>>> print(open('structure.pdb').read())   # PDB, C-alpha atoms and all ligand atoms
ATOM      1  CA  MET A   1       0.000   0.000   0.000
ATOM      2  CA  ASN A   2       1.236   3.472  -0.778
ATOM      3  CA  THR A   3       1.276   5.083   2.658
ATOM      4  CA  ALA A   4       2.350   8.478   1.307
ATOM      5  CA  ILE A   5      -0.935   8.713  -0.555
ATOM      6  CA  ASP A   6      -3.104   7.579   2.351
ATOM      7  CA  THR A   7      -1.457   9.985   4.801
ATOM      8  CA  ALA A   8      -1.796  12.863   2.390
ATOM      9  CA  ALA A   9      -5.513  12.184   1.971
ATOM     10  CA  VAL A  10      -6.063  13.372   5.548
ATOM     11  CA  PRO A  11      -6.684  17.130   5.395
ATOM     12  CA  THR A  12      -3.684  19.121   6.581
ATOM     13  CA  ALA A  13      -3.143  22.848   6.983
ATOM     14  CA  MET A  14      -3.801  25.005   3.919
ATOM     15  CA  SER A  15      -0.922  27.211   2.812
ATOM     16  CA  THR A  16      -1.311  30.896   1.994
ATOM     17  CA  ARG A  17       1.064  30.426  -0.961
ATOM     18  CA  ARG A  18      -0.178  30.694  -4.565
ATOM     19  CA  LEU A  19       1.027  28.911  -7.690
ATOM     20  CA  PRO A  20       3.175  30.950 -10.087
ATOM     21  CA  VAL A  21       1.739  32.379 -13.325
ATOM     22  CA  VAL A  22       3.585  32.253 -16.679
ATOM     23  CA  ASP A  23       2.541  33.948 -19.949
ATOM     24  CA  LEU A  24       3.335  31.801 -23.032
ATOM     25  CA  GLN A  25       2.863  34.580 -25.631
ATOM     26  CA  PRO A  26       6.501  35.828 -25.614
ATOM     27  CA  PHE A  27       7.617  32.234 -26.196
ATOM     28  CA  LEU A  28       5.278  31.864 -29.183
ATOM     29  CA  PHE A  29       5.936  35.231 -30.806
ATOM     30  CA  GLY A  30       9.014  36.791 -29.198
ATOM     31  CA  ASP A  31      12.717  36.923 -30.085
ATOM     32  CA  ALA A  32      15.318  34.524 -28.690
ATOM     33  CA  ALA A  33      15.799  36.509 -25.462
ATOM     34  CA  ALA A  34      12.042  36.647 -24.794
ATOM     35  CA  ARG A  35      11.717  32.920 -25.480
ATOM     36  CA  HIS A  36      14.575  32.070 -23.117
ATOM     37  CA  ALA A  37      12.981  34.222 -20.400
ATOM     38  CA  VAL A  38       9.699  32.252 -20.624
ATOM     39  CA  ALA A  39      11.619  28.965 -20.628
ATOM     40  CA  ARG A  40      13.498  30.048 -17.502
ATOM     41  CA  ASP A  41      10.248  31.076 -15.721
ATOM     42  CA  ILE A  42       8.705  27.695 -16.530
ATOM     43  CA  ALA A  43      11.794  25.901 -15.177
ATOM     44  CA  ILE A  44      11.721  27.953 -11.956
ATOM     45  CA  ALA A  45       8.010  27.109 -11.469
ATOM     46  CA  CYS A  46       8.647  23.408 -12.174
ATOM     47  CA  GLU A  47      11.520  23.286  -9.690
ATOM     48  CA  ALA A  48       9.707  25.102  -6.876
ATOM     49  CA  TYR A  49       6.107  23.870  -7.301
ATOM     50  CA  GLY A  50       5.818  21.417 -10.190
ATOM     51  CA  PHE A  51       2.633  23.346 -11.071
ATOM     52  CA  PHE A  52       1.884  26.716 -12.668
ATOM     53  CA  TYR A  53      -0.885  28.700 -14.324
ATOM     54  CA  LEU A  54      -0.274  29.276 -18.021
ATOM     55  CA  ARG A  55      -1.821  32.376 -19.596
ATOM     56  CA  GLY A  56      -1.547  33.239 -23.282
ATOM     57  CA  HIS A  57      -1.762  29.506 -24.033
ATOM     58  CA  GLY A  58      -3.470  30.028 -27.408
ATOM     59  CA  ILE A  59      -6.216  27.390 -27.010
ATOM     60  CA  PRO A  60      -9.335  29.163 -28.348
ATOM     61  CA  ALA A  61     -12.014  29.907 -25.719
ATOM     62  CA  ASP A  62     -14.710  28.404 -27.990
ATOM     63  CA  THR A  63     -12.766  25.167 -28.255
ATOM     64  CA  ILE A  64     -12.544  24.952 -24.446
ATOM     65  CA  ALA A  65     -16.238  25.804 -24.040
ATOM     66  CA  GLY A  66     -17.135  23.112 -26.596
ATOM     67  CA  GLY A  67     -15.173  20.575 -24.525
ATOM     68  CA  PHE A  68     -17.028  21.415 -21.308
ATOM     69  CA  GLU A  69     -20.387  21.421 -23.096
ATOM     70  CA  SER A  70     -19.545  17.970 -24.494
ATOM     71  CA  ALA A  71     -18.661  16.767 -20.995
ATOM     72  CA  ARG A  72     -22.009  17.949 -19.590
ATOM     73  CA  ARG A  73     -23.907  16.247 -22.418
ATOM     74  CA  PHE A  74     -21.992  12.990 -21.953
ATOM     75  CA  PHE A  75     -22.560  12.723 -18.197
ATOM     76  CA  GLU A  76     -26.279  13.505 -18.638
ATOM     77  CA  LEU A  77     -26.641  10.381 -20.782
ATOM     78  CA  PRO A  78     -28.306   7.400 -19.120
ATOM     79  CA  LEU A  79     -25.799   4.959 -17.607
ATOM     80  CA  ASP A  80     -26.421   2.302 -20.281
ATOM     81  CA  GLU A  81     -25.435   4.767 -23.038
ATOM     82  CA  ARG A  82     -22.293   5.737 -21.125
ATOM     83  CA  MET A  83     -21.512   2.052 -20.564
ATOM     84  CA  ALA A  84     -21.822   1.483 -24.322
ATOM     85  CA  CYS A  85     -18.617   3.583 -24.553
ATOM     86  CA  ARG A  86     -16.619   1.138 -22.408
ATOM     87  CA  VAL A  87     -13.496  -0.139 -24.145
ATOM     88  CA  THR A  88     -13.450  -3.787 -23.151
ATOM     89  CA  ARG A  89     -10.025  -4.578 -24.587
ATOM     90  CA  PRO A  90      -7.636  -4.997 -21.602
ATOM     91  CA  ARG A  91      -5.044  -2.425 -20.483
ATOM     92  CA  GLN A  92      -6.586   0.638 -22.107
ATOM     93  CA  ASN A  93      -7.433   4.106 -20.903
ATOM     94  CA  ARG A  94     -10.081   5.009 -23.466
ATOM     95  CA  GLY A  95     -13.861   5.315 -23.349
ATOM     96  CA  TYR A  96     -16.093   5.537 -20.290
ATOM     97  CA  GLN A  97     -14.460   4.899 -16.900
ATOM     98  CA  PRO A  98     -17.316   4.427 -14.409
ATOM     99  CA  MET A  99     -17.245   5.469 -10.766
ATOM    100  CA  PHE A 100     -15.231   3.328  -8.354
ATOM    101  CA  ASP A 101     -12.656   1.965 -10.804
ATOM    102  CA  THR A 102      -9.817   3.794  -9.058
ATOM    103  CA  ALA A 103      -8.715   2.211  -5.810
ATOM    104  CA  LEU A 104      -5.508   1.440  -4.028
ATOM    105  CA  ALA A 105      -5.381  -1.686  -1.905
ATOM    106  CA  GLY A 106      -7.412  -0.877   1.203
ATOM    107  CA  GLY A 107      -8.125   2.676   0.027
ATOM    108  CA  LYS A 108     -11.260   4.495  -1.025
ATOM    109  CA  SER A 109     -12.226   5.031  -4.649
ATOM    110  CA  ASP A 110     -12.230   8.492  -6.139
ATOM    111  CA  LEU A 111     -15.662  10.148  -6.389
ATOM    112  CA  LYS A 112     -15.460  10.781 -10.121
ATOM    113  CA  HIS A 113     -16.074   9.168 -13.491
ATOM    114  CA  SER A 114     -14.684  10.086 -16.885
ATOM    115  CA  PHE A 115     -14.730   9.815 -20.650
ATOM    116  CA  ASP A 116     -11.211   9.270 -22.005
ATOM    117  CA  MET A 117      -9.808   9.528 -25.511
ATOM    118  CA  GLY A 118      -6.330   8.837 -26.798
ATOM    119  CA  PHE A 119      -4.379   9.632 -29.940
ATOM    120  CA  PRO A 120      -6.600   8.529 -32.866
ATOM    121  CA  LEU A 121      -5.289   5.335 -34.477
ATOM    122  CA  PRO A 122      -6.551   3.357 -37.474
ATOM    123  CA  GLU A 123      -8.377   0.105 -36.650
ATOM    124  CA  ASP A 124      -5.626  -1.920 -38.345
ATOM    125  CA  ASP A 125      -2.801  -0.236 -36.413
ATOM    126  CA  ALA A 126       0.027  -2.736 -35.816
ATOM    127  CA  ASP A 127       0.360  -1.794 -32.121
ATOM    128  CA  ILE A 128      -3.376  -2.338 -31.576
ATOM    129  CA  GLU A 129      -3.121  -5.721 -33.223
ATOM    130  CA  ALA A 130      -0.103  -6.577 -31.052
ATOM    131  CA  GLY A 131      -2.075  -5.672 -27.878
ATOM    132  CA  LEU A 132       0.377  -2.972 -26.776
ATOM    133  CA  PRO A 133      -1.061  -1.205 -23.665
ATOM    134  CA  PHE A 134      -2.805   2.146 -24.346
ATOM    135  CA  HIS A 135      -3.262   1.357 -28.057
ATOM    136  CA  ALA A 136      -6.943   0.958 -29.014
ATOM    137  CA  PRO A 137      -9.536   2.702 -31.154
ATOM    138  CA  ASN A 138     -11.441   5.481 -29.401
ATOM    139  CA  ALA A 139     -15.076   4.837 -28.439
ATOM    140  CA  TRP A 140     -17.649   7.561 -29.189
ATOM    141  CA  PRO A 141     -21.152   8.153 -27.829
ATOM    142  CA  GLN A 142     -24.142   8.731 -30.114
ATOM    143  CA  LEU A 143     -24.129  12.500 -29.542
ATOM    144  CA  PRO A 144     -24.156  14.789 -32.604
ATOM    145  CA  GLY A 145     -21.043  16.995 -32.736
ATOM    146  CA  PHE A 146     -19.433  15.388 -29.683
ATOM    147  CA  ARG A 147     -16.559  13.711 -31.500
ATOM    148  CA  ALA A 148     -15.662  16.832 -33.510
ATOM    149  CA  HIS A 149     -15.555  19.038 -30.395
ATOM    150  CA  VAL A 150     -13.613  16.558 -28.299
ATOM    151  CA  GLU A 151     -11.059  15.703 -31.023
ATOM    152  CA  GLY A 152     -10.645  19.409 -31.802
ATOM    153  CA  LEU A 153      -9.857  20.137 -28.166
ATOM    154  CA  TYR A 154      -7.482  17.157 -27.972
ATOM    155  CA  PHE A 155      -5.363  18.505 -30.837
ATOM    156  CA  ALA A 156      -5.466  22.132 -29.634
ATOM    157  CA  MET A 157      -4.188  20.981 -26.236
ATOM    158  CA  LEU A 158      -1.648  18.624 -27.818
ATOM    159  CA  HIS A 159      -0.224  21.520 -29.813
ATOM    160  CA  CYS A 160      -0.052  23.765 -26.731
ATOM    161  CA  GLY A 161       1.667  20.968 -24.810
ATOM    162  CA  HIS A 162       4.299  20.729 -27.544
ATOM    163  CA  GLN A 163       5.095  24.415 -27.074
ATOM    164  CA  ILE A 164       5.454  23.895 -23.314
ATOM    165  CA  LEU A 165       7.723  20.890 -23.933
ATOM    166  CA  ARG A 166       9.853  23.004 -26.278
ATOM    167  CA  ALA A 167      10.212  25.669 -23.586
ATOM    168  CA  MET A 168      11.159  23.000 -21.036
ATOM    169  CA  ALA A 169      13.779  21.539 -23.381
ATOM    170  CA  LEU A 170      15.236  25.008 -23.983
ATOM    171  CA  SER A 171      15.451  25.611 -20.232
ATOM    172  CA  LEU A 172      17.430  22.377 -19.883
ATOM    173  CA  ASP A 173      19.913  23.372 -22.646
ATOM    174  CA  ALA A 174      18.638  20.518 -24.786
ATOM    175  CA  ASP A 175      17.550  20.586 -28.422
ATOM    176  CA  GLU A 176      14.160  22.329 -28.505
ATOM    177  CA  ASN A 177      12.543  19.215 -29.999
ATOM    178  CA  PHE A 178      14.147  16.852 -27.478
ATOM    179  CA  PHE A 179      10.765  15.898 -25.915
ATOM    180  CA  VAL A 180       8.494  16.588 -28.904
ATOM    181  CA  GLY A 181      10.700  14.378 -31.110
ATOM    182  CA  ARG A 182       9.856  11.481 -28.783
ATOM    183  CA  CYS A 183       6.109  12.204 -28.927
ATOM    184  CA  ARG A 184       5.255  10.850 -32.375
ATOM    185  CA  LYS A 185       2.316   8.496 -31.941
ATOM    186  CA  PRO A 186       2.071   9.498 -28.280
ATOM    187  CA  THR A 187       0.106   7.638 -25.601
ATOM    188  CA  THR A 188      -1.243  11.044 -24.522
ATOM    189  CA  ASN A 189      -4.848  10.872 -23.346
ATOM    190  CA  MET A 190      -7.468  13.481 -22.530
ATOM    191  CA  ARG A 191     -10.218  12.962 -19.964
ATOM    192  CA  LEU A 192     -13.555  14.643 -19.518
ATOM    193  CA  VAL A 193     -14.035  14.248 -15.770
ATOM    194  CA  HIS A 194     -17.232  14.708 -13.753
ATOM    195  CA  TYR A 195     -17.124  15.009  -9.960
ATOM    196  CA  PRO A 196     -20.604  14.841  -8.423
ATOM    197  CA  PRO A 197     -20.885  16.907  -5.226
ATOM    198  CA  GLN A 198     -19.118  14.942  -2.484
ATOM    199  CA  SER A 199     -20.581  14.454   0.952
ATOM    200  CA  THR A 200     -19.064  16.407   3.817
ATOM    201  CA  ASP A 201     -18.434  13.088   5.593
ATOM    202  CA  PRO A 202     -14.625  12.834   5.549
ATOM    203  CA  ASP A 203     -14.872   9.024   5.419
ATOM    204  CA  ALA A 204     -16.821   9.089   2.162
ATOM    205  CA  GLY A 205     -13.695   9.755   0.094
ATOM    206  CA  LEU A 206     -12.396  12.598  -2.059
ATOM    207  CA  GLY A 207     -13.038  13.686  -5.643
ATOM    208  CA  ALA A 208      -9.477  12.604  -6.370
ATOM    209  CA  ARG A 209      -7.166  11.338  -3.647
ATOM    210  CA  ALA A 210      -3.675  12.764  -3.368
ATOM    211  CA  HIS A 211      -1.626  11.442  -6.270
ATOM    212  CA  THR A 212       1.043  12.406  -8.738
ATOM    213  CA  ASP A 213       0.536  12.230 -12.498
ATOM    214  CA  LYS A 214       2.656   9.623 -14.245
ATOM    215  CA  GLY A 215       3.464  11.160 -17.618
ATOM    216  CA  ILE A 216       5.716  14.005 -18.719
ATOM    217  CA  VAL A 217       3.375  17.004 -18.336
ATOM    218  CA  THR A 218      -0.360  17.460 -17.722
ATOM    219  CA  LEU A 219      -2.449  20.333 -19.095
ATOM    220  CA  LEU A 220      -5.598  20.915 -17.042
ATOM    221  CA  LEU A 221      -8.749  22.848 -17.890
ATOM    222  CA  ASN A 222     -10.994  23.616 -14.914
ATOM    223  CA  ASP A 223     -14.532  24.952 -14.684
ATOM    224  CA  ASP A 224     -15.309  27.665 -12.096
ATOM    225  CA  VAL A 225     -15.979  25.340  -9.134
ATOM    226  CA  GLY A 226     -12.457  25.022  -7.669
ATOM    227  CA  GLY A 227     -11.268  22.377  -5.221
ATOM    228  CA  LEU A 228      -7.817  21.502  -6.616
ATOM    229  CA  HIS A 229      -5.112  21.413  -3.938
ATOM    230  CA  VAL A 230      -1.381  21.104  -4.651
ATOM    231  CA  MET A 231       1.163  19.876  -2.087
ATOM    232  CA  SER A 232       3.932  22.399  -1.456
ATOM    233  CA  ASP A 233       7.515  21.365  -0.723
ATOM    234  CA  ASP A 234       6.842  22.026   2.997
ATOM    235  CA  GLY A 235       3.909  19.609   3.079
ATOM    236  CA  GLN A 236       0.989  22.065   3.063
ATOM    237  CA  TRP A 237      -1.881  22.176   0.593
ATOM    238  CA  ILE A 238      -1.861  25.151  -1.763
ATOM    239  CA  ASP A 239      -5.341  26.013  -3.029
ATOM    240  CA  ALA A 240      -5.366  26.313  -6.843
ATOM    241  CA  PRO A 241      -8.573  28.200  -7.665
ATOM    242  CA  PRO A 242      -9.592  28.413 -11.335
ATOM    243  CA  ASP A 243      -8.235  31.345 -13.364
ATOM    244  CA  PRO A 244     -10.542  31.853 -16.383
ATOM    245  CA  GLU A 245      -7.612  33.135 -18.471
ATOM    246  CA  ALA A 246      -5.251  30.308 -17.645
ATOM    247  CA  ILE A 247      -4.829  26.594 -17.917
ATOM    248  CA  ILE A 248      -2.935  24.718 -15.205
ATOM    249  CA  VAL A 249       0.233  22.844 -16.159
ATOM    250  CA  ASN A 250       1.953  20.273 -13.988
ATOM    251  CA  VAL A 251       4.988  18.033 -14.115
ATOM    252  CA  GLY A 252       4.516  14.236 -14.152
ATOM    253  CA  ASP A 253       6.666  11.457 -12.697
ATOM    254  CA  LEU A 254       8.436  10.682 -15.978
ATOM    255  CA  MET A 255       9.559  14.312 -16.325
ATOM    256  CA  THR A 256      10.927  14.204 -12.772
ATOM    257  CA  ARG A 257      12.961  11.153 -13.706
ATOM    258  CA  TRP A 258      14.131  12.654 -17.007
ATOM    259  CA  THR A 259      15.298  15.853 -15.302
ATOM    260  CA  ASN A 260      17.064  13.786 -12.604
ATOM    261  CA  GLY A 261      14.689  15.180  -9.971
ATOM    262  CA  ARG A 262      15.067  18.820 -10.953
ATOM    263  CA  PHE A 263      11.377  19.298 -11.932
ATOM    264  CA  ARG A 264       8.976  18.273  -9.122
ATOM    265  CA  SER A 265       6.029  15.967  -9.753
ATOM    266  CA  ALA A 266       3.838  17.386  -6.970
ATOM    267  CA  MET A 267       1.055  15.562  -5.133
ATOM    268  CA  HIS A 268      -2.365  17.029  -5.752
ATOM    269  CA  ARG A 269      -5.988  16.174  -4.920
ATOM    270  CA  VAL A 270      -9.544  17.319  -5.621
ATOM    271  CA  VAL A 271     -12.039  18.105  -2.851
ATOM    272  CA  ASN A 272     -15.431  19.004  -4.301
ATOM    273  CA  ALA A 273     -17.202  20.111  -1.117
ATOM    274  CA  THR A 274     -19.103  22.967  -2.805
ATOM    275  CA  GLY A 275     -22.338  21.051  -3.352
ATOM    276  CA  ARG A 276     -21.959  21.690  -7.121
ATOM    277  CA  GLN A 277     -21.265  19.451 -10.092
ATOM    278  CA  ARG A 278     -17.588  19.861 -11.032
ATOM    279  CA  TYR A 279     -16.065  19.214 -14.458
ATOM    280  CA  SER A 280     -12.416  19.241 -15.480
ATOM    281  CA  ILE A 281     -10.480  18.257 -18.583
ATOM    282  CA  PRO A 282      -6.903  17.095 -18.024
ATOM    283  CA  GLN A 283      -4.682  16.006 -20.900
ATOM    284  CA  PHE A 284      -1.845  13.736 -19.791
ATOM    285  CA  HIS A 285       1.096  14.121 -22.146
ATOM    286  CA  HIS A 286       3.159  11.053 -22.839
ATOM    287  CA  THR A 287       5.861  10.091 -25.288
ATOM    288  CA  THR A 288       5.605   7.214 -27.697
ATOM    289  CA  PHE A 289       5.304   3.929 -25.733
ATOM    290  CA  HIS A 290       8.858   2.830 -26.508
ATOM    291  CA  ALA A 291      10.732   6.041 -25.612
ATOM    292  CA  VAL A 292      13.515   5.461 -23.094
ATOM    293  CA  VAL A 293      13.512   7.973 -20.244
ATOM    294  CA  ASP A 294      17.109   8.281 -19.048
ATOM    295  CA  PRO A 295      18.274  11.245 -16.939
ATOM    296  CA  LEU A 296      21.735  10.926 -18.493
ATOM    297  CA  ASP A 297      20.170  12.258 -21.728
ATOM    298  CA  LEU A 298      19.666  15.635 -20.066
ATOM    299  CA  VAL A 299      21.994  16.082 -17.108
ATOM    300  CA  ARG A 300      25.671  16.456 -17.518
ATOM    301  CA  GLY A 301      28.284  16.022 -14.815
ATOM    302  CA  GLU A 302      25.911  14.656 -12.144
ATOM    303  CA  PRO A 303      25.281  11.079 -11.034
ATOM    304  CA  ALA A 304      21.918   9.720 -12.257
ATOM    305  CA  ASN A 305      19.279   9.517  -9.498
ATOM    306  CA  PHE A 306      16.990   7.288 -11.609
ATOM    307  CA  GLU A 307      17.474   4.189 -13.719
ATOM    308  CA  PRO A 308      16.415   4.436 -17.377
ATOM    309  CA  VAL A 309      12.856   3.162 -17.981
ATOM    310  CA  VAL A 310      10.726   2.490 -21.058
ATOM    311  CA  ALA A 311       8.030   5.157 -20.758
ATOM    312  CA  GLY A 312       5.003   3.005 -21.659
ATOM    313  CA  GLU A 313       6.056   0.146 -19.382
ATOM    314  CA  PHE A 314       6.614   2.530 -16.467
ATOM    315  CA  VAL A 315       3.139   4.056 -16.869
ATOM    316  CA  ALA A 316       1.443   0.681 -17.378
ATOM    317  CA  ASN A 317       3.010  -0.563 -14.116
ATOM    318  CA  GLY A 318       1.551   2.467 -12.320
ATOM    319  CA  PHE A 319      -1.909   1.744 -13.752
ATOM    320  CA  ARG A 320      -1.666  -1.860 -12.568
ATOM    321  CA  ARG A 321      -1.224  -0.614  -9.000
ATOM    322  CA  ASP A 322      -3.996   2.020  -9.121
ATOM    323  CA  ARG A 323      -6.871   0.626 -11.152
ATOM    324  CA  LYS A 324      -9.090  -2.349 -10.489
ATOM    325  CA  SER A 325      -9.683  -2.879 -14.201
ATOM    326  CA  TRP A 326      -5.916  -3.201 -14.838
ATOM    327  CA  ALA A 327      -5.165  -5.583 -11.967
TER
HETATM  328  O1  LIG B 401      -9.811  17.718 -11.785
HETATM  329  C1  LIG B 401      -8.774  18.282 -11.450
HETATM  330  O2  LIG B 401      -8.737  19.492 -11.175
HETATM  331  C2  LIG B 401      -7.491  17.489 -11.330
HETATM  332  C3  LIG B 401      -7.577  16.121 -11.939
HETATM  333  C4  LIG B 401      -6.346  15.303 -11.723
HETATM  334  O3  LIG B 401      -5.485  15.619 -10.964
HETATM  335  C5  LIG B 401      -6.171  14.072 -12.505
HETATM  336  O4  LIG B 401      -7.146  13.622 -13.148
HETATM  337  O5  LIG B 401      -5.055  13.524 -12.504
HETATM  338 FE    FE B 402      -3.651  14.519 -11.436
END
>>> encode(input="structure.pdb", output="structure tokens")
Amino acid sequence: MNTAIDTAAVPTAMSTRRLPVVDLQPFLFGDAAARHAVARDIAIACEAYGFFYLRGHGIPADTIAGGFESARRFFELPLDERMACRVTRPRQNRGYQPMFDTALAGGKSDLKHSFDMGFPLPEDDADIEAGLPFHAPNAWPQLPGFRAHVEGLYFAMLHCGHQILRAMALSLDADENFFVGRCRKPTTNMRLVHYPPQSTDPDAGLGARAHTDKGIVTLLLNDDVGGLHVMSDDGQWIDAPPDPEAIIVNVGDLMTRWTNGRFRSAMHRVVNATGRQRYSIPQFHHTTFHAVVDPLDLVRGEPANFEPVVAGEFVANGFRRDRKSWA
């Protein structure tokens, strides 16, 4: 059992600190000095917090609104129509994920359910046929316009994530396409998540228990409900209220390994105690399944703190620990 996660699920003191804010526009449109300055600010935020608000991200407001509208329509469907979007093939993270699929041994399930989509692949894809984890066709509900909105948002966020990964690579003195070059045919997935209002009974569980994300970076769109808490380096919860002009970006476990521990993959949780329905849309960025994550690629003149791992195998092992349907 992962005791760090269970301990952190007990509410602790809230910090008065706030997450840093970075504007991406000078990276997209500025000269070399302006681009380096953004890259440095992102690196500072990733070292200190592992989380930051990103303004000027370039994802159109209509595209984001279409994603949230799609989420509301999906979760209003009767359960049997949502269940028709289950992907039954083993070791996948696509389609409808009903409530109570997420549990650690002896722990409580998260009070959420989701619709997940991954990088679109043709039905006859060789990796699908070989049964490689995370490789499957997407499943779509019978909702007019849903697929177009959700795929459009997926690619807008994917593109934004590539810009963030370029800035991170620049900050590490690597080739700007160091990460992006390993993200062809990525195992990146996007989730439409619905958190029904949780009971105030602390034993009933949380929207999402304290956890770290497993990939390289996560881009997160929030509605206006709030309830995301991020663990600071001194062990307090930092409230991360929604900023309508920003998306939230956070570092995942694989990026921590790749940067030899320099970028923090911070614990975070969701507590939806507002009495309202809460929706969020995270996109978990991953490399291609077979990419090798080795800190010696990026750090020079330091001993490696992490062994090299194959990205897809590392993430699949994490899923096996966390999800009943993967066990
Ligand atoms: O819904 C949120 O605000 C955060 C979701 C999250 O942390 C996750 O799905 O990994
Ligand atoms: Fe997360």
>>> closest_atom_pairs(input="structure.pdb", of="chain A", to="ligand LIG 401 (chain B)", cutoff="7 Å", atoms="all atoms listed in the file", output="JSON lines")
{"residue": "A:Val193", "atom": "CA", "partner": "B:LIG401", "partner_atom": "O1", "distance": 6.8}
{"residue": "A:Ala208", "atom": "CA", "partner": "B:LIG401", "partner_atom": "C4", "distance": 6.8}
{"residue": "A:Asp213", "atom": "CA", "partner": "B:LIG401", "partner_atom": "O5", "distance": 5.7}
{"residue": "A:Leu220", "atom": "CA", "partner": "B:LIG401", "partner_atom": "O2", "distance": 6.8}
{"residue": "A:Asn222", "atom": "CA", "partner": "B:LIG401", "partner_atom": "O2", "distance": 6.0}
{"residue": "A:Leu228", "atom": "CA", "partner": "B:LIG401", "partner_atom": "O2", "distance": 5.1}
{"residue": "A:His268", "atom": "CA", "partner": "B:LIG401", "partner_atom": "O3", "distance": 6.2}
{"residue": "A:Arg269", "atom": "CA", "partner": "B:LIG401", "partner_atom": "O3", "distance": 6.1}
{"residue": "A:Val270", "atom": "CA", "partner": "B:LIG401", "partner_atom": "C1", "distance": 6.0}
{"residue": "A:Tyr279", "atom": "CA", "partner": "B:LIG401", "partner_atom": "O1", "distance": 7.0}
{"residue": "A:Ser280", "atom": "CA", "partner": "B:LIG401", "partner_atom": "O1", "distance": 4.8}
{"residue": "A:Ile281", "atom": "CA", "partner": "B:LIG401", "partner_atom": "O1", "distance": 6.9}
{"residue": "A:Pro282", "atom": "CA", "partner": "B:LIG401", "partner_atom": "O4", "distance": 6.0}
>>> residues_around(input="structure.pdb", residues="range 108-114 of chain A", least_positions_apart="6", cutoff="10 Å", atoms="only C-alpha atoms", output="PyMOL selection string")
chain A and resi 6+71+74-75+82+94-102+190-199+203-210+269-272+278-281+322-324
>>> residues_near_point(input="structure.pdb", point="(3.9, 28.3, -14.0)", cutoff="6 Å", atoms="all atoms listed in the file", output="VMD selection string")
chain A and resid 20 to 22 42 45 51 to 54
>>> resolve_selection(input="structure.pdb", expression="the PyMOL selection byres (((chain A and resi 245-252) around 10) and not hetatm)", output="ChimeraX atom specification")
/A:19,21-23,42,45-47,49-59,61,161,164,212-222,230,240,242-244,253-257,263-268,282-286
>>> residues_around(input="structure.pdb", residues="range 289-300 of chain A", least_positions_apart="6", cutoff="8 Å", atoms="all atoms listed in the file", output="list in words")
Leu172, Ala174, Arg182, Pro186, Thr187, Leu254, Arg257, Trp258, Thr259, Asn260, Phe306, Glu307, Pro308, Val309, Val310, Ala311, Gly312 and Glu313 of chain A
